Amino acid sequence: MAKITMTVNGRQVAGTCDDRTLLVHFIRENLGLTGTHVGCDTTQCGTCVILMDGQSVKSCSILAAQAEGSAITTIEGLAQQGELHPVQAAFNAHHGLQCGFCTPGMVMTAVDMIRRHGGNLDEGRVRAELEGNICRCTGYHNIVKAILAAAAAMGGARQAAE
Amino acid sequence: MYETNYHRASSIDEALKLMGSSAEGKYLSGGMTLIPTMKQRLAAPSDLIDLRHIAEMKGIAVDGRTVTIGAASTHEEVATSDRVKAVCPALCALASHIGDPHVRHMGTVGGSVANNDPAADYPAAILALDAMVVTDRREIKAGDFFTGLFETALSDGEIIIAIRFEAPERASYQKFANPASRYAMTGVFVARRDAGDVRVAVTGAGSNGVFRHAGLESALAGNWSPDAVTNVMVDPSDLLSDLHATAPYRANLIKVMARRAVAAA
């Protein structure tokens, strides 16, 4: 058995699981954070994307034991004091979802994408960056719009803060 | 996934010891091939020895035109390394097109090279750049390293620590990606050191894995231009045929990708 301690959404957590337990199952079943989804069994769909030490990763393809000691952010950790994260707000405003199953992964991917590219995002780049996330409702148009709007809003917020 | 025992190594020595005391252990780097393979129950190592936290395997150094990339460097770290970009931008571009952003945050150079997937991108670069594969016990020339599909010259328990190469004068990697998996259906890395020294390595197409193409190399050594590729014969008999592409189709792709690579280099 593996003893796991990590920081999840700013909170120190600990648990025990099999060495073979995937991080996504540790997050969902041990921690009860079911916002992170499992949409495939083949590492292709991206619904399980979370941030590990600040970078987007597929939690279905990492063992919980590999993530021991890391800082994790899941979809539940984005909103602060009841205020939606700007990416969540943009997905809401632009209806960047249909059935909603892929949405947690899309939102976490967007947060990472904006972190890396900031104001340099355009439609082509957003679409290329969504390579690892599948929406089976095929609702990509509004997802792309929402990400571009969030990037603009967050760029504006950064400028206002400077 | 079958049961396994996870170990985190903090040094090369510790990793070697852990491997030595395991029944059927496997080294785990980013895990972007190994973990999905284990999920499918296509691999069942008794022990996993995690190499991702070994300081000796991290970091990218550029000294003049000598580039040394720690085996535990992620694809993202290579793709965004300004120091590598300054001397060999083709390698950064290659790394930036592996998998997707999430895979690039975990997957490592060492893992990719050790796995030697016949459709992986890095083996083409290693071969065309005439790189040296540095392990815990020796240095292996790229030309001796890749020995077949998923086969390398690594001995049992041997660990890749770094990849080292001299940056060429010009280089480019062009791949025709499978639209679904983004693996190379054919990828060609060209590297030119001076007029007489051109290497062309092909991935995704060979039935025995990555290979150099002598015909393309001599044509480009004599005339470094996209048009030099036109009259080169690419024999389809040693190429892969599968549901994605037939061997003759891949033979044509090799020429098309080589032409694009020379134009872009």
# chains A, B, ... in the order shown; residues from 1 in each chain; ligands from 1
$ residues_around --residues "Ala23 of chain B" --least-positions-apart "4" --cutoff "9 Å" --atoms "only C-alpha atoms" --output "list of chain:residue names"
B:Met19, B:Pro45, B:Ser46, B:Asp47
$ write_last_selection --atoms "N, CA and C atoms" --output "CSV table (one decimal), in the first residue's frame"
chain,number,residue,atom,x,y,z
B,19,MET,N,16.2,-1.7,-9.0
B,19,MET,CA,16.0,-2.6,-10.1
B,19,MET,C,16.6,-4.0,-9.9
B,45,PRO,N,4.7,-5.0,-14.9
B,45,PRO,CA,6.0,-5.1,-14.1
B,45,PRO,C,5.7,-5.3,-12.6
B,46,SER,N,6.5,-6.1,-12.0
B,46,SER,CA,6.3,-6.4,-10.6
B,46,SER,C,6.6,-5.1,-9.8
B,47,ASP,N,7.5,-4.3,-10.3
B,47,ASP,CA,8.0,-3.1,-9.6
B,47,ASP,C,8.1,-1.9,-10.6
$ residues_around --residues "His7 of chain B" --least-positions-apart "5" --cutoff "7 Å" --atoms "only C-alpha atoms" --output "ChimeraX atom specification"
/B:48-50
$ closest_residue --among "B:Gly31, B:Pro179, B:Pro248, B:Gly143" --to "Arg199 of chain B" --atoms "only C-alpha atoms"
B:Gly143
$ atom_distance --atom1 "atom CA of Ala258 of chain B" --atom2 "atom CA of Val103 of chain B"
26.6 Å
$ interface_residues --of "chain B" --to "chain A" --cutoff "8 Å" --atoms "only C-alpha atoms" --output "list of chain:residue names"
B:Met1, B:Tyr2, B:Glu3, B:Thr4, B:Asn5, B:Tyr6, B:Arg8, B:Gly31, B:Met32, B:Ile35, B:Pro36, B:Lys39, B:Gln40, B:Asp50, B:Gly99, B:Asp100, B:Pro101, B:His102, B:Val103, B:His105, B:Met106
$ select_by_dssp --residues "segment 57-263 of chain B" --states "strand (DSSP E or B)" --output "PyMOL selection string"
chain B and resi 60-63+66-70+74+108+132-135+139-141+146-148+151-152+160-166+170-177+184-194+197-203+206+211-212+239
$ write_last_selection --atoms "C-alpha atoms" --output "PDB file, in the first residue's frame"
ATOM      1  CA  ILE B  60      19.530  21.182 -20.104  1.00  0.00           C
ATOM      2  CA  ALA B  61      23.032  22.524 -20.740  1.00  0.00           C
ATOM      3  CA  VAL B  62      24.320  24.224 -23.867  1.00  0.00           C
ATOM      4  CA  ASP B  63      28.074  24.793 -24.053  1.00  0.00           C
ATOM      5  CA  THR B  66      27.269  21.082 -27.489  1.00  0.00           C
ATOM      6  CA  VAL B  67      23.787  20.370 -26.196  1.00  0.00           C
ATOM      7  CA  THR B  68      23.278  18.046 -23.221  1.00  0.00           C
ATOM      8  CA  ILE B  69      19.716  17.234 -22.272  1.00  0.00           C
ATOM      9  CA  GLY B  70      19.030  15.376 -19.039  1.00  0.00           C
ATOM     10  CA  THR B  74      10.060  16.775 -20.252  1.00  0.00           C
ATOM     11  CA  THR B 108      10.491  12.708 -21.068  1.00  0.00           C
ATOM     12  CA  MET B 132      25.328  10.204 -27.971  1.00  0.00           C
ATOM     13  CA  VAL B 133      23.104   8.339 -25.552  1.00  0.00           C
ATOM     14  CA  VAL B 134      24.763   8.689 -22.146  1.00  0.00           C
ATOM     15  CA  THR B 135      23.886   5.960 -19.665  1.00  0.00           C
ATOM     16  CA  GLU B 139      28.063   6.246 -23.968  1.00  0.00           C
ATOM     17  CA  ILE B 140      26.229   4.706 -26.924  1.00  0.00           C
ATOM     18  CA  LYS B 141      26.321   6.206 -30.403  1.00  0.00           C
ATOM     19  CA  PHE B 146      18.198   1.692 -31.960  1.00  0.00           C
ATOM     20  CA  THR B 147      18.167  -2.003 -32.756  1.00  0.00           C
ATOM     21  CA  GLY B 148      14.556  -2.775 -33.738  1.00  0.00           C
ATOM     22  CA  GLU B 151      14.413  -2.582 -28.973  1.00  0.00           C
ATOM     23  CA  THR B 152      17.579  -0.723 -28.025  1.00  0.00           C
ATOM     24  CA  ILE B 160      19.777   6.693 -19.845  1.00  0.00           C
ATOM     25  CA  ILE B 161      21.073   9.756 -18.019  1.00  0.00           C
ATOM     26  CA  ALA B 162      21.358  12.252 -20.858  1.00  0.00           C
ATOM     27  CA  ILE B 163      21.381  12.846 -24.589  1.00  0.00           C
ATOM     28  CA  ARG B 164      24.311  14.834 -25.999  1.00  0.00           C
ATOM     29  CA  PHE B 165      24.889  16.197 -29.487  1.00  0.00           C
ATOM     30  CA  GLU B 166      26.661  18.877 -31.454  1.00  0.00           C
ATOM     31  CA  ARG B 170      20.757  23.472 -40.179  1.00  0.00           C
ATOM     32  CA  ALA B 171      18.072  21.016 -39.263  1.00  0.00           C
ATOM     33  CA  SER B 172      14.352  20.442 -39.493  1.00  0.00           C
ATOM     34  CA  TYR B 173      11.854  17.766 -38.580  1.00  0.00           C
ATOM     35  CA  GLN B 174       8.660  17.364 -40.551  1.00  0.00           C
ATOM     36  CA  LYS B 175       6.038  14.803 -39.728  1.00  0.00           C
ATOM     37  CA  PHE B 176       2.863  13.605 -41.278  1.00  0.00           C
ATOM     38  CA  ALA B 177       0.895  12.968 -38.111  1.00  0.00           C
ATOM     39  CA  ALA B 184       4.162  10.075 -36.922  1.00  0.00           C
ATOM     40  CA  MET B 185       2.790   8.113 -39.873  1.00  0.00           C
ATOM     41  CA  THR B 186       6.065   9.265 -41.346  1.00  0.00           C
ATOM     42  CA  GLY B 187       8.484  11.768 -39.874  1.00  0.00           C
ATOM     43  CA  VAL B 188      11.768  12.913 -41.382  1.00  0.00           C
ATOM     44  CA  PHE B 189      14.566  14.716 -39.547  1.00  0.00           C
ATOM     45  CA  VAL B 190      17.250  16.277 -41.718  1.00  0.00           C
ATOM     46  CA  ALA B 191      20.479  17.662 -40.275  1.00  0.00           C
ATOM     47  CA  ARG B 192      23.264  19.311 -42.267  1.00  0.00           C
ATOM     48  CA  ARG B 193      26.679  19.996 -40.765  1.00  0.00           C
ATOM     49  CA  ASP B 194      28.470  21.197 -43.856  1.00  0.00           C
ATOM     50  CA  ASP B 197      27.668  15.895 -44.173  1.00  0.00           C
ATOM     51  CA  VAL B 198      23.914  15.424 -44.259  1.00  0.00           C
ATOM     52  CA  ARG B 199      21.919  12.973 -42.196  1.00  0.00           C
ATOM     53  CA  VAL B 200      18.330  12.008 -42.910  1.00  0.00           C
ATOM     54  CA  ALA B 201      16.492   9.877 -40.366  1.00  0.00           C
ATOM     55  CA  VAL B 202      13.013   8.490 -40.855  1.00  0.00           C
ATOM     56  CA  THR B 203      10.545   7.472 -38.155  1.00  0.00           C
ATOM     57  CA  GLY B 206      10.304   1.593 -41.211  1.00  0.00           C
ATOM     58  CA  PHE B 211      16.427   4.344 -39.956  1.00  0.00           C
ATOM     59  CA  ARG B 212      18.700   6.582 -42.020  1.00  0.00           C
ATOM     60  CA  LEU B 239       8.352  -0.046 -44.905  1.00  0.00           C
TER      61      LEU B 239
END
$ select_by_dssp --residues "segment 6-36 of chain A" --states "helix (DSSP H, G or I)" --output "MDAnalysis selection string"
chainID A and resid 23:30
$ write_last_selection --atoms "N, CA and C atoms" --output "PDB file, in the first residue's frame"
ATOM      1  N   LEU A  23      -4.114   8.371 -10.009  1.00  0.00           N
ATOM      2  CA  LEU A  23      -4.349   9.624  -9.294  1.00  0.00           C
ATOM      3  C   LEU A  23      -5.822  10.036  -9.385  1.00  0.00           C
ATOM      4  N   VAL A  24      -6.430   9.843 -10.552  1.00  0.00           N
ATOM      5  CA  VAL A  24      -7.828  10.265 -10.705  1.00  0.00           C
ATOM      6  C   VAL A  24      -8.738   9.493  -9.749  1.00  0.00           C
ATOM      7  N   HIS A  25      -8.440   8.235  -9.528  1.00  0.00           N
ATOM      8  CA  HIS A  25      -9.270   7.454  -8.615  1.00  0.00           C
ATOM      9  C   HIS A  25      -9.029   7.875  -7.167  1.00  0.00           C
ATOM     10  N   PHE A  26      -7.781   8.219  -6.859  1.00  0.00           N
ATOM     11  CA  PHE A  26      -7.484   8.733  -5.511  1.00  0.00           C
ATOM     12  C   PHE A  26      -8.266  10.030  -5.283  1.00  0.00           C
ATOM     13  N   ILE A  27      -8.270  10.891  -6.258  1.00  0.00           N
ATOM     14  CA  ILE A  27      -8.966  12.181  -6.121  1.00  0.00           C
ATOM     15  C   ILE A  27     -10.479  11.973  -5.989  1.00  0.00           C
ATOM     16  N   ARG A  28     -11.014  11.094  -6.808  1.00  0.00           N
ATOM     17  CA  ARG A  28     -12.470  10.901  -6.810  1.00  0.00           C
ATOM     18  C   ARG A  28     -12.941  10.071  -5.612  1.00  0.00           C
ATOM     19  N   GLU A  29     -12.232   8.967  -5.358  1.00  0.00           N
ATOM     20  CA  GLU A  29     -12.760   8.017  -4.380  1.00  0.00           C
ATOM     21  C   GLU A  29     -12.225   8.263  -2.965  1.00  0.00           C
ATOM     22  N   ASN A  30     -10.939   8.553  -2.839  1.00  0.00           N
ATOM     23  CA  ASN A  30     -10.407   8.808  -1.490  1.00  0.00           C
ATOM     24  C   ASN A  30     -10.754  10.212  -1.011  1.00  0.00           C
TER      25      ASN A  30
END
$ closest_residue --among "A:Pro86, A:Gly69, A:Gly32, A:Gly39" --to "Gln12 of chain A" --atoms "only C-alpha atoms"
A:Gly69
